[in-house]
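Okay, coords_32.tsv is below, TSV, C-alpha atoms and all ligand atoms:
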```
chain	number	residue	atom	x	y	z
S	1	MET	CA	220.39	-42.47	-7.80
S	2	THR	CA	218.16	-44.37	-10.19
S	3	ARG	CA	214.53	-44.99	-9.39
S	4	ARG	CA	215.15	-48.73	-9.06
S	5	LEU	CA	218.00	-48.21	-6.63
S	6	LEU	CA	215.91	-45.82	-4.54
S	7	ALA	CA	213.12	-48.35	-4.39
S	8	THR	CA	215.57	-51.09	-3.41
S	9	VAL	CA	216.87	-48.94	-0.60
S	10	ALA	CA	213.32	-48.32	0.54
S	11	VAL	CA	212.62	-52.07	0.56
S	12	ALA	CA	215.85	-52.71	2.44
S	13	ALA	CA	214.76	-50.17	5.06
S	14	LEU	CA	211.39	-51.85	5.34
S	15	THR	CA	213.04	-55.23	5.77
S	16	ALA	CA	215.37	-53.91	8.44
S	17	THR	CA	212.47	-52.71	10.53
S	18	SER	CA	210.29	-55.72	9.61
S	19	ALA	CA	207.66	-53.24	8.52
S	20	PHE	CA	206.11	-55.61	5.98
S	21	ALA	CA	202.52	-56.22	6.92
S	22	GLU	CA	202.64	-59.77	5.59
S	23	GLU	CA	204.92	-62.33	4.01
S	24	VAL	CA	204.83	-65.02	1.36
S	25	ARG	CA	207.07	-68.06	1.22
S	26	VAL	CA	208.06	-69.41	-2.17
S	27	TYR	CA	209.98	-72.66	-2.79
S	28	ASN	CA	211.31	-72.81	-6.35
S	29	TRP	CA	214.04	-74.62	-8.28
S	30	SER	CA	217.57	-73.21	-8.01
S	31	ASP	CA	218.89	-71.05	-10.88
S	32	TYR	CA	215.36	-70.45	-12.06
S	33	ILE	CA	214.63	-66.72	-11.78
S	34	ASP	CA	216.09	-63.27	-12.31
S	35	GLU	CA	216.53	-62.16	-8.69
S	36	GLU	CA	215.59	-58.58	-9.55
S	37	LEU	CA	212.05	-59.88	-9.88
S	38	LEU	CA	212.02	-60.83	-6.21
S	39	THR	CA	212.75	-57.24	-5.16
S	40	LYS	CA	210.26	-55.96	-7.71
S	41	PHE	CA	207.52	-58.12	-6.19
S	42	GLU	CA	208.23	-56.71	-2.71
S	43	GLU	CA	208.23	-53.14	-4.05
S	44	GLU	CA	204.96	-53.57	-5.89
S	45	THR	CA	203.03	-55.42	-3.22
S	46	GLY	CA	204.67	-54.48	0.09
S	47	ILE	CA	204.69	-58.22	0.87
S	48	LYS	CA	207.92	-59.68	2.21
S	49	LEU	CA	209.10	-62.50	-0.02
S	50	ILE	CA	210.96	-65.43	1.48
S	51	TYR	CA	212.44	-67.36	-1.42
S	52	ASP	CA	214.03	-70.78	-0.89
S	53	VAL	CA	215.35	-73.16	-3.52
S	54	PHE	CA	215.58	-76.91	-4.16
S	55	ASP	CA	216.87	-79.05	-7.03
S	56	SER	CA	214.87	-82.26	-6.69
S	57	ASN	CA	211.23	-83.19	-7.22
S	58	GLU	CA	211.67	-86.00	-4.70
S	59	VAL	CA	212.77	-83.57	-1.97
S	60	LEU	CA	209.80	-81.31	-2.69
S	61	GLU	CA	207.43	-84.28	-2.79
S	62	THR	CA	208.46	-85.45	0.67
S	63	LYS	CA	207.63	-81.99	2.03
S	64	MET	CA	204.29	-81.86	0.19
S	65	LEU	CA	203.18	-85.31	1.32
S	66	THR	CA	204.26	-84.70	4.92
S	67	GLY	CA	202.41	-81.37	5.01
S	68	SER	CA	203.06	-78.21	7.08
S	69	SER	CA	205.89	-77.20	4.76
S	70	GLY	CA	205.19	-73.56	5.57
S	71	TYR	CA	205.35	-72.65	1.89
S	72	ASP	CA	202.72	-70.64	0.00
S	73	VAL	CA	203.96	-71.41	-3.51
S	74	VAL	CA	205.90	-74.48	-4.72
S	75	VAL	CA	206.93	-75.68	-8.18
S	76	PRO	CA	206.69	-79.44	-8.83
S	77	SER	CA	207.06	-80.87	-12.33
S	78	GLY	CA	203.83	-82.09	-13.93
S	79	THR	CA	204.09	-85.79	-13.10
S	80	PHE	CA	204.86	-85.09	-9.46
S	81	LEU	CA	202.17	-82.43	-9.29
S	82	GLN	CA	199.59	-84.95	-10.48
S	83	ARG	CA	200.46	-87.42	-7.75
S	84	GLN	CA	200.47	-84.69	-5.11
S	85	ILE	CA	197.09	-83.35	-6.26
S	86	SER	CA	195.66	-86.87	-5.82
S	87	ALA	CA	197.06	-86.86	-2.30
S	88	GLY	CA	195.21	-83.59	-1.58
S	89	ALA	CA	198.39	-81.54	-1.26
S	90	PHE	CA	197.16	-78.50	-3.25
S	91	GLN	CA	194.26	-76.09	-3.16
S	92	PRO	CA	192.32	-75.08	-6.27
S	93	LEU	CA	193.39	-71.67	-7.58
S	94	ASP	CA	190.99	-68.76	-7.10
S	95	GLN	CA	190.75	-67.48	-10.67
S	96	SER	CA	189.15	-64.22	-9.51
S	97	LYS	CA	192.54	-63.31	-8.01
S	98	LEU	CA	194.48	-64.00	-11.22
S	99	SER	CA	193.75	-61.05	-13.48
S	100	ASN	CA	196.72	-61.94	-15.72
S	101	ALA	CA	195.34	-65.41	-16.53
S	102	GLY	CA	194.56	-64.28	-20.08
S	103	ASN	CA	198.31	-64.11	-20.75
S	104	MET	CA	198.75	-67.86	-20.50
S	105	TRP	CA	199.49	-69.97	-23.58
S	106	ASP	CA	196.73	-72.38	-24.61
S	107	VAL	CA	199.22	-74.74	-26.33
S	108	ILE	CA	201.04	-75.35	-23.04
S	109	GLU	CA	197.82	-75.43	-21.01
S	110	ALA	CA	196.57	-78.19	-23.30
S	111	ARG	CA	199.65	-80.22	-22.37
S	112	THR	CA	199.65	-79.52	-18.62
S	113	ASP	CA	195.95	-80.37	-18.47
S	114	GLN	CA	196.94	-84.06	-18.39
S	115	TYR	CA	198.67	-83.50	-15.02
S	116	ASP	CA	196.20	-81.03	-13.53
S	117	SER	CA	192.76	-81.35	-15.06
S	118	GLY	CA	191.48	-77.96	-16.23
S	119	ASN	CA	194.70	-76.46	-14.86
S	120	ALA	CA	192.64	-75.98	-11.73
S	121	HIS	CA	195.54	-76.14	-9.22
S	122	SER	CA	198.52	-74.77	-11.10
S	123	ILE	CA	199.99	-72.43	-13.67
S	124	ASN	CA	202.91	-73.28	-15.89
S	125	TYR	CA	206.07	-71.49	-14.83
S	126	MET	CA	208.62	-72.91	-17.24
S	127	TRP	CA	209.12	-76.00	-19.36
S	128	GLY	CA	212.11	-77.57	-21.05
S	129	THR	CA	213.95	-80.72	-21.95
S	130	THR	CA	216.52	-83.02	-20.38
S	131	GLY	CA	219.66	-83.77	-22.33
S	132	LEU	CA	223.37	-83.42	-22.93
S	133	GLY	CA	225.58	-80.58	-21.81
S	134	VAL	CA	228.98	-80.88	-23.44
S	135	ASN	CA	232.28	-79.09	-23.29
S	136	VAL	CA	232.79	-79.16	-27.04
S	137	GLY	CA	236.57	-78.73	-26.97
S	138	LYS	CA	237.29	-81.36	-24.33
S	139	VAL	CA	234.88	-83.95	-25.68
S	140	THR	CA	236.34	-83.52	-29.17
S	141	GLU	CA	239.84	-83.86	-27.77
S	142	ILE	CA	238.95	-87.07	-25.95
S	143	LEU	CA	236.54	-88.80	-28.34
S	144	GLY	CA	237.57	-87.24	-31.63
S	145	ALA	CA	235.79	-85.08	-34.17
S	146	ASP	CA	233.00	-87.62	-34.65
S	147	ALA	CA	232.13	-87.79	-30.92
S	148	PRO	CA	228.40	-88.55	-30.55
S	149	MET	CA	227.71	-85.25	-28.76
S	150	GLY	CA	224.04	-85.29	-29.65
S	151	SER	CA	223.34	-88.92	-28.86
S	152	LEU	CA	222.58	-90.94	-25.73
S	153	GLU	CA	225.54	-93.07	-26.87
S	154	LEU	CA	227.73	-90.40	-25.32
S	155	VAL	CA	226.62	-91.21	-21.77
S	156	PHE	CA	225.20	-94.74	-21.92
S	157	ASN	CA	227.92	-96.45	-23.96
S	158	PRO	CA	230.64	-97.55	-21.49
S	159	ALA	CA	233.35	-97.24	-24.15
S	160	ASN	CA	232.68	-93.49	-24.36
S	161	MET	CA	232.15	-93.04	-20.65
S	162	GLU	CA	235.38	-94.78	-19.76
S	163	LYS	CA	237.28	-92.12	-21.68
S	164	LEU	CA	235.11	-89.22	-20.53
S	165	ALA	CA	235.67	-90.17	-16.88
S	166	GLU	CA	239.04	-88.50	-17.27
S	167	CYS	CA	237.41	-85.06	-17.68
S	168	GLY	CA	234.33	-85.62	-15.50
S	169	VAL	CA	230.67	-86.51	-16.04
S	170	HIS	CA	227.68	-85.49	-13.90
S	171	PHE	CA	224.28	-87.19	-14.04
S	172	LEU	CA	221.11	-85.65	-12.63
S	173	ASP	CA	220.03	-87.15	-9.34
S	174	ALA	CA	216.57	-87.51	-10.81
S	175	PRO	CA	215.41	-91.12	-11.23
S	176	ALA	CA	212.10	-90.10	-12.82
S	177	GLU	CA	214.10	-88.60	-15.69
S	178	MET	CA	217.24	-90.74	-15.85
S	179	ILE	CA	215.41	-94.07	-16.00
S	180	PRO	CA	213.15	-92.97	-18.87
S	181	ALA	CA	216.25	-91.71	-20.74
S	182	THR	CA	217.95	-95.09	-20.25
S	183	LEU	CA	214.87	-96.92	-21.55
S	184	GLN	CA	214.76	-94.58	-24.54
S	185	PHE	CA	218.39	-95.50	-25.26
S	186	LEU	CA	217.37	-99.18	-25.21
S	187	GLY	CA	214.52	-98.56	-27.64
S	188	GLU	CA	211.94	-99.27	-24.91
S	189	ASP	CA	208.98	-97.06	-24.00
S	190	PRO	CA	210.56	-94.35	-21.81
S	191	ASP	CA	207.26	-94.04	-19.91
S	192	SER	CA	207.03	-97.75	-19.17
S	193	HIS	CA	205.56	-98.61	-15.77
S	194	ASP	CA	206.35	-102.30	-16.20
S	195	PRO	CA	208.88	-103.35	-13.52
S	196	GLU	CA	210.42	-105.88	-15.94
S	197	VAL	CA	211.07	-103.17	-18.52
S	198	ILE	CA	212.32	-100.72	-15.87
S	199	ALA	CA	214.72	-103.42	-14.65
S	200	LYS	CA	216.43	-103.33	-18.04
S	201	ALA	CA	217.81	-99.89	-17.18
S	202	GLU	CA	219.93	-101.39	-14.43
S	203	ALA	CA	222.51	-103.10	-16.62
S	204	VAL	CA	223.03	-99.98	-18.73
S	205	LEU	CA	223.38	-97.66	-15.75
S	206	MET	CA	225.61	-100.09	-13.83
S	207	GLY	CA	227.78	-100.44	-16.93
S	208	VAL	CA	228.59	-96.72	-16.93
S	209	ARG	CA	228.37	-96.20	-13.16
S	210	PRO	CA	232.13	-96.49	-12.50
S	211	HIS	CA	232.70	-93.56	-14.87
S	212	ILE	CA	230.11	-91.16	-13.40
S	213	THR	CA	231.83	-88.48	-11.32
S	214	LYS	CA	228.73	-87.37	-9.44
S	215	PHE	CA	224.96	-87.57	-9.24
S	216	HIS	CA	223.83	-84.00	-8.55
S	217	SER	CA	221.12	-81.76	-9.98
S	218	SER	CA	222.53	-78.24	-9.77
S	219	GLU	CA	226.32	-78.26	-9.30
S	220	TYR	CA	226.83	-79.08	-12.96
S	221	ILE	CA	226.11	-75.51	-14.06
S	222	ASN	CA	229.29	-74.12	-12.53
S	223	ALA	CA	231.23	-77.35	-13.00
S	224	LEU	CA	230.59	-77.20	-16.77
S	225	ALA	CA	231.23	-73.46	-16.95
S	226	ASN	CA	234.57	-73.73	-15.10
S	227	GLY	CA	235.73	-76.70	-17.17
S	228	ASP	CA	235.72	-78.99	-14.09
S	229	ILE	CA	233.57	-81.53	-15.95
S	230	CYS	CA	233.14	-82.10	-19.66
S	231	VAL	CA	229.67	-83.69	-19.81
S	232	ALA	CA	226.47	-83.31	-17.81
S	233	PHE	CA	223.16	-85.07	-18.30
S	234	GLY	CA	221.04	-82.14	-17.21
S	235	TRP	CA	218.32	-79.61	-17.90
S	236	SER	CA	218.31	-77.49	-21.05
S	237	GLY	CA	218.28	-74.00	-19.54
S	238	ASP	CA	220.82	-74.87	-16.84
S	239	ILE	CA	223.27	-75.97	-19.53
S	240	LEU	CA	222.62	-72.80	-21.52
S	241	GLN	CA	223.31	-70.82	-18.33
S	242	ALA	CA	226.61	-72.72	-18.04
S	243	ARG	CA	227.37	-71.74	-21.64
S	244	ASP	CA	226.83	-68.07	-20.74
S	245	ARG	CA	228.80	-68.22	-17.51
S	246	ALA	CA	231.77	-69.67	-19.42
S	247	ALA	CA	231.45	-66.99	-22.12
S	248	GLU	CA	231.33	-64.26	-19.46
S	249	ALA	CA	234.39	-65.68	-17.73
S	250	GLU	CA	236.21	-65.69	-21.10
S	251	ASN	CA	237.89	-68.92	-20.00
S	252	GLY	CA	237.88	-70.52	-23.44
S	253	VAL	CA	235.29	-73.13	-22.41
S	254	GLU	CA	232.62	-73.72	-25.05
S	255	ILE	CA	229.47	-75.38	-23.74
S	256	ALA	CA	226.64	-76.69	-25.93
S	257	TYR	CA	223.25	-78.21	-25.12
S	258	ASN	CA	221.96	-81.05	-27.27
S	259	ALA	CA	218.58	-82.71	-26.88
S	260	PRO	CA	219.43	-86.37	-27.58
S	261	SER	CA	218.70	-87.40	-31.18
S	262	GLU	CA	216.98	-90.57	-29.87
S	263	GLY	CA	214.39	-88.35	-28.15
S	264	ALA	CA	214.32	-86.12	-25.09
S	265	LEU	CA	212.02	-85.73	-22.12
S	266	MET	CA	209.82	-82.63	-22.20
S	267	TRP	CA	208.75	-81.57	-18.70
S	268	PHE	CA	206.57	-78.81	-17.24
S	269	ASP	CA	207.23	-77.06	-13.93
S	270	GLN	CA	203.98	-75.88	-12.37
S	271	MET	CA	203.43	-73.25	-9.67
S	272	ALA	CA	200.88	-74.41	-7.12
S	273	ILE	CA	199.60	-73.42	-3.67
S	274	PRO	CA	199.80	-76.06	-0.92
S	275	ALA	CA	196.47	-76.91	0.73
S	276	ASP	CA	197.86	-75.71	4.07
S	277	ALA	CA	199.63	-72.57	2.75
S	278	PRO	CA	199.83	-69.95	5.53
S	279	ASN	CA	199.01	-67.06	3.18
S	280	PRO	CA	197.05	-68.20	0.10
S	281	ASP	CA	196.01	-64.64	-0.70
S	282	ALA	CA	199.64	-63.49	-1.03
S	283	ALA	CA	200.38	-66.72	-2.94
S	284	HIS	CA	197.82	-65.68	-5.56
S	285	LYS	CA	199.46	-62.24	-5.71
S	286	PHE	CA	202.80	-63.91	-6.37
S	287	LEU	CA	201.30	-66.09	-9.10
S	288	ASN	CA	199.61	-63.11	-10.70
S	289	PHE	CA	202.91	-61.17	-10.58
S	290	ILE	CA	204.65	-64.07	-12.33
S	291	MET	CA	201.86	-64.21	-14.92
S	292	ASP	CA	202.60	-60.61	-15.95
S	293	ALA	CA	203.98	-60.74	-19.50
S	294	GLN	CA	207.05	-58.59	-18.86
S	295	ASN	CA	207.92	-60.29	-15.57
S	296	MET	CA	207.67	-63.73	-17.14
S	297	ALA	CA	209.78	-62.61	-20.11
S	298	ALA	CA	212.43	-61.22	-17.74
S	299	ALA	CA	212.58	-64.61	-16.00
S	300	SER	CA	212.94	-66.59	-19.25
S	301	ASN	CA	215.47	-64.15	-20.70
S	302	TYR	CA	217.57	-64.71	-17.59
S	303	VAL	CA	217.39	-68.50	-17.20
S	304	TYR	CA	216.99	-69.71	-20.81
S	305	TYR	CA	213.86	-71.76	-20.27
S	306	ALA	CA	210.65	-71.42	-22.27
S	307	ASN	CA	207.54	-70.41	-20.35
S	308	GLY	CA	203.81	-70.99	-20.57
S	309	ASN	CA	202.96	-67.33	-21.06
S	310	LYS	CA	201.95	-66.40	-24.59
S	311	ALA	CA	201.88	-62.64	-23.93
S	312	SER	CA	205.50	-62.72	-22.70
S	313	GLN	CA	206.77	-63.81	-26.10
S	314	GLU	CA	206.97	-60.32	-27.59
S	315	PHE	CA	209.37	-59.36	-24.77
S	316	LEU	CA	211.70	-62.35	-25.18
S	317	VAL	CA	215.16	-61.71	-26.58
S	318	GLU	CA	216.04	-63.41	-29.86
S	319	ASP	CA	218.58	-65.66	-28.06
S	320	VAL	CA	215.63	-67.23	-26.24
S	321	ILE	CA	212.60	-67.16	-28.56
S	322	GLY	CA	214.79	-67.85	-31.61
S	323	ASP	CA	216.68	-70.83	-30.13
S	324	THR	CA	215.04	-74.17	-30.99
S	325	ALA	CA	216.74	-75.72	-27.93
S	326	ILE	CA	214.44	-73.45	-25.88
S	327	TYR	CA	211.40	-72.89	-28.10
S	328	PRO	CA	211.41	-76.06	-30.25
S	329	ASP	CA	210.19	-75.93	-33.83
S	330	GLU	CA	207.82	-78.61	-35.16
S	331	THR	CA	210.62	-81.05	-36.06
S	332	THR	CA	212.30	-80.74	-32.67
S	333	LEU	CA	208.94	-81.13	-30.92
S	334	GLU	CA	208.29	-84.44	-32.67
S	335	ASN	CA	211.40	-85.82	-31.00
S	336	LEU	CA	210.26	-85.05	-27.46
S	337	TYR	CA	208.41	-87.45	-25.17
S	338	THR	CA	206.51	-86.91	-21.94
S	339	THR	CA	206.00	-89.21	-18.96
S	340	THR	CA	203.19	-89.97	-16.53
S	341	PRO	CA	203.51	-90.47	-12.76
S	342	TYR	CA	204.61	-93.88	-11.49
S	343	PRO	CA	201.97	-95.52	-9.30
S	344	GLN	CA	203.23	-95.99	-5.69
S	345	LYS	CA	204.19	-99.64	-6.21
S	346	VAL	CA	206.24	-98.86	-9.31
S	347	GLN	CA	207.73	-95.82	-7.63
S	348	ARG	CA	209.14	-98.11	-4.96
S	349	VAL	CA	210.81	-100.22	-7.66
S	350	VAL	CA	212.29	-97.08	-9.22
S	351	THR	CA	213.52	-95.71	-5.89
S	352	ARG	CA	215.16	-99.02	-4.99
S	353	LEU	CA	216.82	-99.27	-8.39
S	354	TRP	CA	218.09	-95.70	-8.18
S	355	THR	CA	219.55	-96.19	-4.69
S	356	LYS	CA	221.37	-99.21	-6.00
S	357	ILE	CA	222.70	-97.34	-9.05
S	358	LYS	CA	223.91	-94.42	-6.96
S	359	SER	CA	225.68	-96.64	-4.45
S	360	GLY	CA	227.18	-98.59	-7.36
S	361	THR	CA	226.91	-101.96	-5.66
S	401	LIG	C1	216.30	-75.21	-12.79
S	401	LIG	C2	215.92	-76.62	-13.06
S	401	LIG	C3	214.52	-76.72	-13.43
S	401	LIG	C4	214.27	-77.84	-14.33
S	401	LIG	N1	217.61	-75.16	-12.32
S	401	LIG	C5	213.85	-79.07	-13.65
S	401	LIG	N2	212.47	-79.21	-13.56
```
As structure tokens, how would this structure be written, given the file I've shared?
Amino acid sequence: MTRRLLATVAVAALTATSAFAEEVRVYNWSDYIDEELLTKFEEETGIKLIYDVFDSNEVLETKMLTGSSGYDVVVPSGTFLQRQISAGAFQPLDQSKLSNAGNMWDVIEARTDQYDSGNAHSINYMWGTTGLGVNVGKVTEILGADAPMGSLELVFNPANMEKLAECGVHFLDAPAEMIPATLQFLGEDPDSHDPEVIAKAEAVLMGVRPHITKFHSSEYINALANGDICVAFGWSGDILQARDRAAEAENGVEIAYNAPSEGALMWFDQMAIPADAPNPDAAHKFLNFIMDAQNMAAASNYVYYANGNKASQEFLVEDVIGDTAIYPDETTLENLYTTTPYPQKVQRVVTRLWTKIKSGT
């Protein structure tokens, strides 16, 4: 028996008898970690880890603003984090408990500082872009060899979408990302907070609405990999995971991720500790475990997202650190935009618009 297997058995025995002295509850995005890390954390700390997943910032935000979520660590994206910090939802981190803080990457910290001043409440877990997942074979078959696979035209031009409906298209159920992308397509400021500008997204989205198979923020990984859909507007690493799942299945499906040539959203997912976390001490231990260079590299190598940990980079496989869809070069970076949180009043406009788009009426 290998050492790892022995340790796993030992942890299983501990779990069975509930012999853990304490527990920590983590709420993270789905398909966002190498699960071996969860066992490793329990082995190293003796703390029982309860790990739940979500696929929507809005769902997490409702829990954070209501309070008493019961979670010790959660992972909102930067814009949502900022709004939740203002609402008092998070506690400042105790830096004395984060001995691995020196591993973090100043370039990313400089960017996340705009959402969490001084990075006082959060650490960057992963970051990435939002764009186009395509089944190269099917899309070529349907739209021809000059299909705009790297352009927003693919999903916002009804002429294309009408044809693609035949093989299936998923959109993220994420208004704070889909509306900016629509505005970018129109040549407007994707970060506009002007209700009149935001309203312009409606006609575009309604125009393609009849051809959207589903609004969902995690099913598209398997749907793309199995060939059940041919296009997804989704998150970079998720689409790269779909690419790998298809390759592993040897089902002849070729998936590619393209950040739209018009510009793509760059987002940052931040680990933070709720103000009312039941076990903030264990939460810091979890954060510090994640901030370990090898642990963070293992996570990125598994999920194909870039991370905010400079020291992890020497442990990243070439498929990750060498892929500009994951670690963008200067030219790719120039084509990425960021957003800022909608004020409450504007948020209501966005929520109303999105409900209307989803219902299609
Ligand atoms: C992981 C999705 C994380 C990216 N499945 C969205 N912030």
How would you write, as an mmCIF file with C-alpha atoms, keeping the file's coordinate frame, the set of residues no farther than 7 Å from ligand LIG 401 (chain S) when counting all atoms listed in the file?
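Listing of selection-v5.cif after writing:
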```
data_model
loop_
_atom_site.group_PDB
_atom_site.id
_atom_site.type_symbol
_atom_site.label_atom_id
_atom_site.label_comp_id
_atom_site.auth_asym_id
_atom_site.auth_seq_id
_atom_site.Cartn_x
_atom_site.Cartn_y
_atom_site.Cartn_z
ATOM 1 C CA TRP S 29 214.040 -74.620 -8.280
ATOM 2 C CA SER S 30 217.570 -73.210 -8.010
ATOM 3 C CA ASP S 31 218.890 -71.050 -10.880
ATOM 4 C CA TYR S 32 215.360 -70.450 -12.060
ATOM 5 C CA ASP S 55 216.870 -79.050 -7.030
ATOM 6 C CA SER S 77 207.060 -80.870 -12.330
ATOM 7 C CA SER S 218 222.530 -78.240 -9.770
ATOM 8 C CA TRP S 235 218.320 -79.610 -17.900
ATOM 9 C CA ASP S 238 220.820 -74.870 -16.840
ATOM 10 C CA TRP S 267 208.750 -81.570 -18.700
ATOM 11 C CA PHE S 268 206.570 -78.810 -17.240
ATOM 12 C CA ASP S 269 207.230 -77.060 -13.930
#
```
Would you mind listing, for every residue of range 83-157 of chain S within 12 Å of range 287-299 of chain S, the two atoms forming the shortest contact and the distance between them in Å to one decimal, using only C-alpha atoms, sorted by chain and ascending residue number, as CSV?
```
residue,atom,partner,partner_atom,distance
S:Leu93,CA,S:Leu287,CA,9.8
S:Asp94,CA,S:Leu287,CA,10.8
S:Gln95,CA,S:Asn288,CA,9.9
S:Ser96,CA,S:Asn288,CA,10.6
S:Lys97,CA,S:Asn288,CA,7.6
S:Leu98,CA,S:Asn288,CA,5.2
S:Ser99,CA,S:Asn288,CA,6.8
S:Asn100,CA,S:Met291,CA,5.7
S:Ala101,CA,S:Met291,CA,6.8
S:Gly102,CA,S:Met291,CA,8.9
S:Asn103,CA,S:Ala293,CA,6.7
S:Met104,CA,S:Met291,CA,7.4
S:Trp105,CA,S:Met291,CA,10.7
S:His121,CA,S:Leu287,CA,11.6
S:Ser122,CA,S:Leu287,CA,9.3
S:Ile123,CA,S:Leu287,CA,7.9
S:Asn124,CA,S:Met291,CA,9.2
S:Tyr125,CA,S:Ile290,CA,8.0
S:Met126,CA,S:Met296,CA,9.2
```
Inset, instruction - Quick one: everything within 6 Å of range 22-24 of chain S, counting all atoms listed in the file, minus sequence neighbours fewer than 5 positions away in the same chain. Send it as an MDAnalysis selection string. - result: chainID S and resid 47:49 282
Legend entry - Separation of CA of Gly118 in chain S from CA of Ala264 in chain S in Å: 25.8 Å
Legend entry - Among the residues S:Glu44, S:Glu219, S:Asp276, S:Asp146, the one that comes closest to Val74 in chain S [using only C-alpha atoms]: S:Asp276
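Going from CA of Gln91 in chain S to CA of Gln114 in chain S covers 17.4 Å.
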Show me the residues around (209.3, -71.5, -22.2) - criterion: an atom at most 6 Å away, only C-alpha atoms counted - as a PDB file with C-alpha atoms, in the frame of the given file.
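Result file selection-v9.pdb:
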```
ATOM      1  CA  MET S 126     208.620 -72.910 -17.240  1.00  0.00           C
ATOM      2  CA  TRP S 127     209.120 -76.000 -19.360  1.00  0.00           C
ATOM      3  CA  TYR S 305     213.860 -71.760 -20.270  1.00  0.00           C
ATOM      4  CA  ALA S 306     210.650 -71.420 -22.270  1.00  0.00           C
ATOM      5  CA  ASN S 307     207.540 -70.410 -20.350  1.00  0.00           C
ATOM      6  CA  GLY S 308     203.810 -70.990 -20.570  1.00  0.00           C
TER       7      GLY S 308
END
```
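Note that CA of His211 in chain S and CA of Gly131 in chain S are 17.9 Å apart.
Within 7 Å of range 193-208 of chain S, once all atoms listed in the file are used and residues closer than 4 positions along the same chain are dropped, the contacting residues are Phe156, Pro158, Met161, Ile179, Thr182, Leu183, Ile212, Tyr342, Val346, Val349, Ile357 and Gly360 of chain S.
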So that I have them on file, write out the residues from the current selection with C-alpha atoms, as a short mmCIF file (atom, residue, chain, number, x, y, z; two decimals), keeping the file's coordinate frame.
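That gives us part_34.cif:
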```cif
data_model
loop_
_atom_site.label_atom_id
_atom_site.label_comp_id
_atom_site.auth_asym_id
_atom_site.auth_seq_id
_atom_site.Cartn_x
_atom_site.Cartn_y
_atom_site.Cartn_z
CA PHE S 156 225.20 -94.74 -21.92
CA PRO S 158 230.64 -97.55 -21.49
CA MET S 161 232.15 -93.04 -20.65
CA ILE S 179 215.41 -94.07 -16.00
CA THR S 182 217.95 -95.09 -20.25
CA LEU S 183 214.87 -96.92 -21.55
CA ILE S 212 230.11 -91.16 -13.40
CA TYR S 342 204.61 -93.88 -11.49
CA VAL S 346 206.24 -98.86 -9.31
CA VAL S 349 210.81 -100.22 -7.66
CA ILE S 357 222.70 -97.34 -9.05
CA GLY S 360 227.18 -98.59 -7.36
#
```
Inset, instruction - Go through S:Tyr71, S:Phe90, S:Phe20, S:Phe80 one by one, measure the shortest atom-to-atom distance of each to Asp52 in chain S using all atoms listed in the file, and give the residue with the smallest value. - result: S:Tyr71
Legend entry - Near-Leu333 in chain S list (12 Å; all atoms listed in the file; drop same-chain fewer than 3 positions) as a VMD selection string: chain S and resid 128 to 129 259 261 263 to 266 324 to 330 336 to 338
Write the selection just made, keeping C-alpha atoms, as a JSON list (two decimals), in the coordinates of the input?
```json
[["chain", "number", "residue", "atom", "x", "y", "z"],
["S", 128, "GLY", "CA", 212.11, -77.57, -21.05],
["S", 129, "THR", "CA", 213.95, -80.72, -21.95],
["S", 259, "ALA", "CA", 218.58, -82.71, -26.88],
["S", 261, "SER", "CA", 218.70, -87.40, -31.18],
["S", 263, "GLY", "CA", 214.39, -88.35, -28.15],
["S", 264, "ALA", "CA", 214.32, -86.12, -25.09],
["S", 265, "LEU", "CA", 212.02, -85.73, -22.12],
["S", 266, "MET", "CA", 209.82, -82.63, -22.20],
["S", 324, "THR", "CA", 215.04, -74.17, -30.99],
["S", 325, "ALA", "CA", 216.74, -75.72, -27.93],
["S", 326, "ILE", "CA", 214.44, -73.45, -25.88],
["S", 327, "TYR", "CA", 211.40, -72.89, -28.10],
["S", 328, "PRO", "CA", 211.41, -76.06, -30.25],
["S", 329, "ASP", "CA", 210.19, -75.93, -33.83],
["S", 330, "GLU", "CA", 207.82, -78.61, -35.16],
["S", 336, "LEU", "CA", 210.26, -85.05, -27.46],
["S", 337, "TYR", "CA", 208.41, -87.45, -25.17],
["S", 338, "THR", "CA", 206.51, -86.91, -21.94]]
```
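Distances from S:Asn160, S:Leu132, S:Glu141, S:Thr340 to Leu240 in chain S were compared using all atoms listed in the file, and the smallest one belongs to S:Leu132.
If all atoms listed in the file are the atoms counted, then among S:Glu162, S:Asp72, S:Glu58, S:Asp244 the closest residue to Ile221 in chain S is S:Asp244.
In terms of minimum interatomic distance to Glu318 in chain S, S:Tyr304 ranks closest within S:Tyr304, S:Val59, S:Ala232, S:Glu43, counting all atoms listed in the file.
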Legend entry - Residue with smallest distance to Ile85 in chain S - pool S:Asp116, S:Ala176, S:Ile321, S:Asp106, counting all atoms listed in the file: S:Asp116
